[in-house]
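Asker: mmCIF, C-alpha atoms; chains and numbers go by the auth columns, file target20.cif:
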```cif
data_protein
loop_
_atom_site.group_PDB
_atom_site.id
_atom_site.type_symbol
_atom_site.label_atom_id
_atom_site.label_comp_id
_atom_site.label_asym_id
_atom_site.label_seq_id
_atom_site.Cartn_x
_atom_site.Cartn_y
_atom_site.Cartn_z
_atom_site.B_iso_or_equiv
_atom_site.auth_seq_id
_atom_site.auth_asym_id
ATOM 1 C CA MET A 1 -6.177 4.993 9.903 0.00 14 N
ATOM 2 C CA THR A 2 -4.996 1.816 8.177 0.00 15 N
ATOM 3 C CA TRP A 3 -6.931 -0.069 5.524 0.00 16 N
ATOM 4 C CA ASN A 4 -6.206 -3.293 3.654 0.00 17 N
ATOM 5 C CA PHE A 5 -8.261 -2.855 0.463 0.00 18 N
ATOM 6 C CA GLN A 6 -8.016 -6.545 -0.486 0.00 19 N
ATOM 7 C CA TRP A 7 -6.914 -6.264 -4.129 0.00 20 N
ATOM 8 C CA LEU A 8 -8.046 -2.772 -5.071 0.00 21 N
ATOM 9 C CA ALA A 9 -7.313 -3.065 -8.782 0.00 22 N
ATOM 10 C CA ASP A 10 -8.894 -3.073 -12.213 0.00 23 N
ATOM 11 C CA HIS A 11 -7.242 -6.000 -13.930 0.00 24 N
ATOM 12 C CA PRO A 12 -8.784 -8.913 -15.865 0.00 25 N
ATOM 13 C CA LYS A 13 -6.702 -11.479 -13.941 0.00 26 N
ATOM 14 C CA ASN A 14 -7.504 -10.041 -10.524 0.00 27 N
ATOM 15 C CA ASP A 15 -8.939 -12.519 -8.005 0.00 28 N
ATOM 16 C CA ILE A 16 -11.508 -9.929 -6.943 0.00 29 N
ATOM 17 C CA GLN A 17 -13.272 -7.964 -9.683 0.00 30 N
ATOM 18 C CA ARG A 18 -14.341 -4.578 -8.342 0.00 31 N
ATOM 19 C CA THR A 19 -17.571 -3.076 -9.632 0.00 32 N
ATOM 20 C CA ALA A 20 -18.697 0.546 -9.705 0.00 33 N
ATOM 21 C CA LYS A 21 -20.928 -0.351 -6.746 0.00 34 N
ATOM 22 C CA ASP A 22 -17.872 -1.618 -4.805 0.00 35 N
ATOM 23 C CA TYR A 23 -15.991 1.608 -5.429 0.00 36 N
ATOM 24 C CA GLN A 24 -19.007 3.656 -4.346 0.00 37 N
ATOM 25 C CA ALA A 25 -19.282 1.665 -1.093 0.00 38 N
ATOM 26 C CA LEU A 26 -15.546 2.029 -0.380 0.00 39 N
ATOM 27 C CA LYS A 27 -15.746 5.758 -1.106 0.00 40 N
ATOM 28 C CA GLN A 28 -18.654 6.148 1.316 0.00 41 N
ATOM 29 C CA ILE A 29 -16.711 4.377 4.067 0.00 42 N
ATOM 30 C CA PHE A 30 -13.693 6.604 3.409 0.00 43 N
ATOM 31 C CA LEU A 31 -15.742 9.815 3.395 0.00 44 N
ATOM 32 C CA THR A 32 -17.364 8.823 6.692 0.00 45 N
ATOM 33 C CA HIS A 33 -13.948 8.798 8.388 0.00 46 N
ATOM 34 C CA GLN A 34 -11.817 11.198 6.279 0.00 47 N
ATOM 35 C CA PRO A 35 -8.568 10.428 8.127 0.00 48 N
ATOM 36 C CA ASP A 36 -5.680 12.886 8.074 0.00 49 N
ATOM 37 C CA VAL A 37 -3.364 9.995 7.180 0.00 50 N
ATOM 38 C CA LEU A 38 -4.368 6.686 5.611 0.00 51 N
ATOM 39 C CA ALA A 39 -1.905 3.778 5.537 0.00 52 N
ATOM 40 C CA PHE A 40 -3.158 1.428 2.823 0.00 53 N
ATOM 41 C CA GLN A 41 -2.282 -2.065 1.661 0.00 54 N
ATOM 42 C CA GLU A 42 -3.143 -4.124 -1.442 0.00 55 N
ATOM 43 C CA VAL A 43 -3.669 -1.224 -3.853 0.00 56 N
ATOM 44 C CA ASN A 44 -2.520 -1.678 -7.464 0.00 57 N
ATOM 45 C CA SER A 45 -2.293 2.010 -8.440 0.00 58 N
ATOM 46 C CA ALA A 46 -2.908 5.573 -7.291 0.00 59 N
ATOM 47 C CA LYS A 47 -5.550 5.759 -10.044 0.00 60 N
ATOM 48 C CA ASN A 48 -7.605 3.054 -8.326 0.00 61 N
ATOM 49 C CA LEU A 49 -7.130 4.653 -4.924 0.00 62 N
ATOM 50 C CA TYR A 50 -8.339 8.016 -6.251 0.00 63 N
ATOM 51 C CA ARG A 51 -11.608 6.311 -7.180 0.00 64 N
ATOM 52 C CA VAL A 52 -12.152 5.981 -3.415 0.00 65 N
ATOM 53 C CA LEU A 53 -10.729 9.223 -2.030 0.00 66 N
ATOM 54 C CA PRO A 54 -10.947 12.831 -3.268 0.00 67 N
ATOM 55 C CA LYS A 55 -7.909 13.652 -5.414 0.00 68 N
ATOM 56 C CA ASP A 56 -8.066 17.360 -4.605 0.00 69 N
ATOM 57 C CA GLN A 57 -7.854 16.685 -0.852 0.00 70 N
ATOM 58 C CA TYR A 58 -5.221 13.913 -0.611 0.00 71 N
ATOM 59 C CA GLN A 59 -1.694 13.314 -1.830 0.00 72 N
ATOM 60 C CA VAL A 60 -0.752 9.688 -2.431 0.00 73 N
ATOM 61 C CA PHE A 61 2.628 8.118 -1.719 0.00 74 N
ATOM 62 C CA MET A 62 2.983 4.642 -3.240 0.00 75 N
ATOM 63 C CA SER A 63 5.732 2.234 -2.172 0.00 76 N
ATOM 64 C CA SER A 64 8.808 2.635 -4.358 0.00 77 N
ATOM 65 C CA ARG A 65 8.336 -1.025 -5.314 0.00 78 N
ATOM 66 C CA ILE A 66 5.988 0.346 -7.975 0.00 79 N
ATOM 67 C CA MET A 67 9.134 1.606 -9.773 0.00 80 N
ATOM 68 C CA SER A 68 11.187 -1.606 -9.405 0.00 81 N
ATOM 69 C CA GLU A 69 10.791 -3.903 -12.400 0.00 82 N
ATOM 70 C CA GLU A 70 12.789 -6.558 -10.534 0.00 83 N
ATOM 71 C CA ASP A 71 10.337 -6.634 -7.619 0.00 84 N
ATOM 72 C CA LYS A 72 7.095 -6.294 -9.617 0.00 85 N
ATOM 73 C CA PHE A 73 5.030 -9.055 -11.125 0.00 86 N
ATOM 74 C CA ASN A 74 4.198 -8.842 -14.846 0.00 87 N
ATOM 75 C CA GLY A 75 0.457 -8.594 -14.261 0.00 88 N
ATOM 76 C CA ILE A 76 -1.219 -7.321 -11.145 0.00 89 N
ATOM 77 C CA ASN A 77 0.602 -6.080 -8.047 0.00 90 N
ATOM 78 C CA GLN A 78 -0.310 -5.110 -4.503 0.00 91 N
ATOM 79 C CA PHE A 79 1.371 -2.034 -3.075 0.00 92 N
ATOM 80 C CA THR A 80 1.473 -0.326 0.291 0.00 93 N
ATOM 81 C CA GLY A 81 1.508 3.411 0.744 0.00 94 N
ATOM 82 C CA PHE A 82 -0.100 6.449 2.290 0.00 95 N
ATOM 83 C CA ALA A 83 -2.760 8.995 1.467 0.00 96 N
ATOM 84 C CA VAL A 84 -2.189 12.237 3.363 0.00 97 N
ATOM 85 C CA LYS A 85 -4.418 15.307 3.448 0.00 98 N
ATOM 86 C CA THR A 86 -2.938 18.028 1.269 0.00 99 N
ATOM 87 C CA SER A 87 -3.016 20.414 4.242 0.00 100 N
ATOM 88 C CA ILE A 88 -0.326 18.294 5.965 0.00 101 N
ATOM 89 C CA SER A 89 3.329 18.611 4.967 0.00 102 N
ATOM 90 C CA ALA A 90 4.542 15.128 4.023 0.00 103 N
ATOM 91 C CA LYS A 91 7.447 13.550 2.194 0.00 104 N
ATOM 92 C CA GLN A 92 8.230 10.019 1.145 0.00 105 N
ATOM 93 C CA LEU A 93 11.235 8.306 2.723 0.00 106 N
ATOM 94 C CA ASN A 94 13.073 5.156 1.628 0.00 107 N
ATOM 95 C CA ASP A 95 10.979 2.007 1.798 0.00 108 N
ATOM 96 C CA ILE A 96 11.876 -0.894 4.046 0.00 109 N
ATOM 97 C CA SER A 97 12.763 -3.159 1.131 0.00 110 N
ATOM 98 C CA ASP A 98 14.354 -5.923 3.254 0.00 111 N
ATOM 99 C CA LEU A 99 10.846 -7.298 3.681 0.00 112 N
ATOM 100 C CA SER A 100 10.799 -8.287 0.000 0.00 113 N
ATOM 101 C CA SER A 101 13.113 -11.207 0.802 0.00 114 N
ATOM 102 C CA PRO A 102 12.966 -12.045 4.520 0.00 115 N
ATOM 103 C CA ALA A 103 15.440 -14.920 4.082 0.00 116 N
ATOM 104 C CA ALA A 104 18.055 -12.602 2.567 0.00 117 N
ATOM 105 C CA SER A 105 17.602 -10.038 5.320 0.00 118 N
ATOM 106 C CA LEU A 106 18.117 -12.780 7.914 0.00 119 N
ATOM 107 C CA GLY A 107 21.296 -13.935 6.168 0.00 120 N
ATOM 108 C CA LEU A 108 19.821 -17.270 5.066 0.00 121 N
ATOM 109 C CA THR A 109 20.934 -18.862 1.820 0.00 122 N
ATOM 110 C CA SER A 110 17.571 -20.205 0.629 0.00 123 N
ATOM 111 C CA HIS A 111 15.882 -17.028 -0.535 0.00 124 N
ATOM 112 C CA TYR A 112 12.110 -16.933 -0.529 0.00 125 N
ATOM 113 C CA GLN A 113 11.256 -14.695 -3.484 0.00 126 N
ATOM 114 C CA GLN A 114 8.146 -12.850 -2.354 0.00 127 N
ATOM 115 C CA LYS A 115 8.250 -9.582 -4.315 0.00 128 N
ATOM 116 C CA VAL A 116 5.387 -8.136 -2.279 0.00 129 N
ATOM 117 C CA ARG A 117 6.727 -6.931 1.028 0.00 130 N
ATOM 118 C CA TYR A 118 8.109 -3.412 0.814 0.00 131 N
ATOM 119 C CA GLY A 119 7.221 -1.292 3.843 0.00 132 N
ATOM 120 C CA ALA A 120 6.252 2.239 2.816 0.00 133 N
ATOM 121 C CA VAL A 121 7.648 5.063 4.971 0.00 134 N
ATOM 122 C CA ILE A 122 6.751 8.762 5.117 0.00 135 N
ATOM 123 C CA SER A 123 7.568 11.725 7.305 0.00 136 N
ATOM 124 C CA ILE A 124 4.865 14.217 8.214 0.00 137 N
ATOM 125 C CA LYS A 125 5.243 17.516 9.982 0.00 138 N
ATOM 126 C CA LEU A 126 2.916 18.383 12.849 0.00 139 N
ATOM 127 C CA ASP A 127 3.493 21.509 14.921 0.00 140 N
ATOM 128 C CA ASP A 128 7.067 21.788 13.591 0.00 141 N
ATOM 129 C CA ASN A 129 7.802 18.201 14.664 0.00 142 N
ATOM 130 C CA ALA A 130 8.719 15.569 12.079 0.00 143 N
ATOM 131 C CA ILE A 131 7.039 12.224 12.634 0.00 144 N
ATOM 132 C CA THR A 132 8.087 9.102 10.725 0.00 145 N
ATOM 133 C CA ILE A 133 5.391 6.548 9.949 0.00 146 N
ATOM 134 C CA ALA A 134 5.954 3.049 8.514 0.00 147 N
ATOM 135 C CA ASN A 135 3.281 0.968 6.825 0.00 148 N
ATOM 136 C CA LEU A 136 4.047 -2.769 6.779 0.00 149 N
ATOM 137 C CA HIS A 137 1.995 -5.438 5.036 0.00 150 N
ATOM 138 C CA LEU A 138 3.329 -8.604 6.599 0.00 151 N
ATOM 139 C CA ASN A 139 2.825 -12.173 5.470 0.00 152 N
ATOM 140 C CA LEU A 140 3.094 -14.406 8.503 0.00 153 N
ATOM 141 C CA ALA A 141 3.111 -17.582 6.383 0.00 154 N
ATOM 142 C CA VAL A 142 6.414 -16.511 4.823 0.00 155 N
ATOM 143 C CA LEU A 143 7.908 -15.759 8.232 0.00 156 N
ATOM 144 C CA SER A 144 6.804 -19.089 9.673 0.00 157 N
ATOM 145 C CA ASN A 145 8.330 -20.938 6.661 0.00 158 N
ATOM 146 C CA LEU A 146 11.650 -19.266 7.434 0.00 159 N
ATOM 147 C CA GLN A 147 11.648 -20.603 10.981 0.00 160 N
ATOM 148 C CA GLN A 148 11.344 -24.232 9.856 0.00 161 N
#
```
Take the structure in the file and give it back as structure tokens.

Answerer:
Amino acid sequence: MTWNFQWLADHPKNDIQRTAKDYQALKQIFLTHQPDVLAFQEVNSAKNLYRVLPKDQYQVFMSSRIMSEEDKFNGINQFTGFAVKTSISAKQLNDISDLSSPAASLGLTSHYQQKVRYGAVISIKLDDNAITIANLHLNLAVLSNLQQ
């Protein structure tokens, strides 16, 4: 399952201020589906995500961008990642960080400093088979600006 949480964050400068009622509604939606693997977008922290899903049943893998001071904003940030049931063997792989600056990855000289486009990647094991899953949060406006 994939879910764009649209600014799941507790931050005074956040465009969308989440209330306890919001978190309860999101939690109910999540518990209705209880996916084995959730690819999420626009989550500011694992703490906020654990307000929606049960911490004892899911392990969370946040994009490594969360650790990069160079690619984080000073205030609020949106991250991609995965929540995987604890019964599933999973490990985090290297992010697709080229998405942070599409111009640079295309070899263009005018870099478009986005800071928000790391693709999270994990590997899960199912029946002794490793499966790699990527979670991309694309911004088509940035890509169309590059083509001009």

Asker: As a list in words, please: the residues near Asn17 of chain N (cut-off 12 Å, all atoms listed in the file, same-chain neighbours under 2 positions excluded).

Answerer: Met14, Thr15, Gln19, Trp20, Leu21, Leu39, Leu51, Ala52, Phe53, Gln54, Glu55, Val56, Asn57, Leu62, Gln91, Phe92, Thr93, Gly94, Phe95, Asn148, Leu149, His150 and Leu151 of chain N

Asker: What does the distance from atom CA of Lys138 of chain N to atom CA of Trp16 of chain N come to in Å, to one decimal?

Answerer: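 Between atom CA of Lys138 of chain N and atom CA of Trp16 of chain N the gap works out to 21.8 Å.
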
Asker: Restricting the calculation to all atoms listed in the file: of N:Gln70, N:Asn142, N:Ser110, N:Gln30, which residue gets closest to Val50 of chain N?

Answerer: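 Nearest candidate to Val50 of chain N out of N:Gln70, N:Asn142, N:Ser110, N:Gln30: N:Gln70.
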
Asker: Could you check the closest approach to Gly132 of chain N for each of N:Ser76, N:Pro48, N:Val97, N:Ser102 and tell me which residue wins, using all atoms listed in the file?

Answerer: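 Of the candidates, the smallest distance to Gly132 of chain N is held by N:Ser76.
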
Asker: I'd like the neighbourhood of Lys104 of chain N as a list in words, where a residue qualifies if any of its atoms comes within 8 Å (using all atoms listed in the file), though same-chain residues fewer than 5 positions away should be ignored.

Answerer: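 The filter keeps Ile135, Ser136 and Ile137 of chain N.
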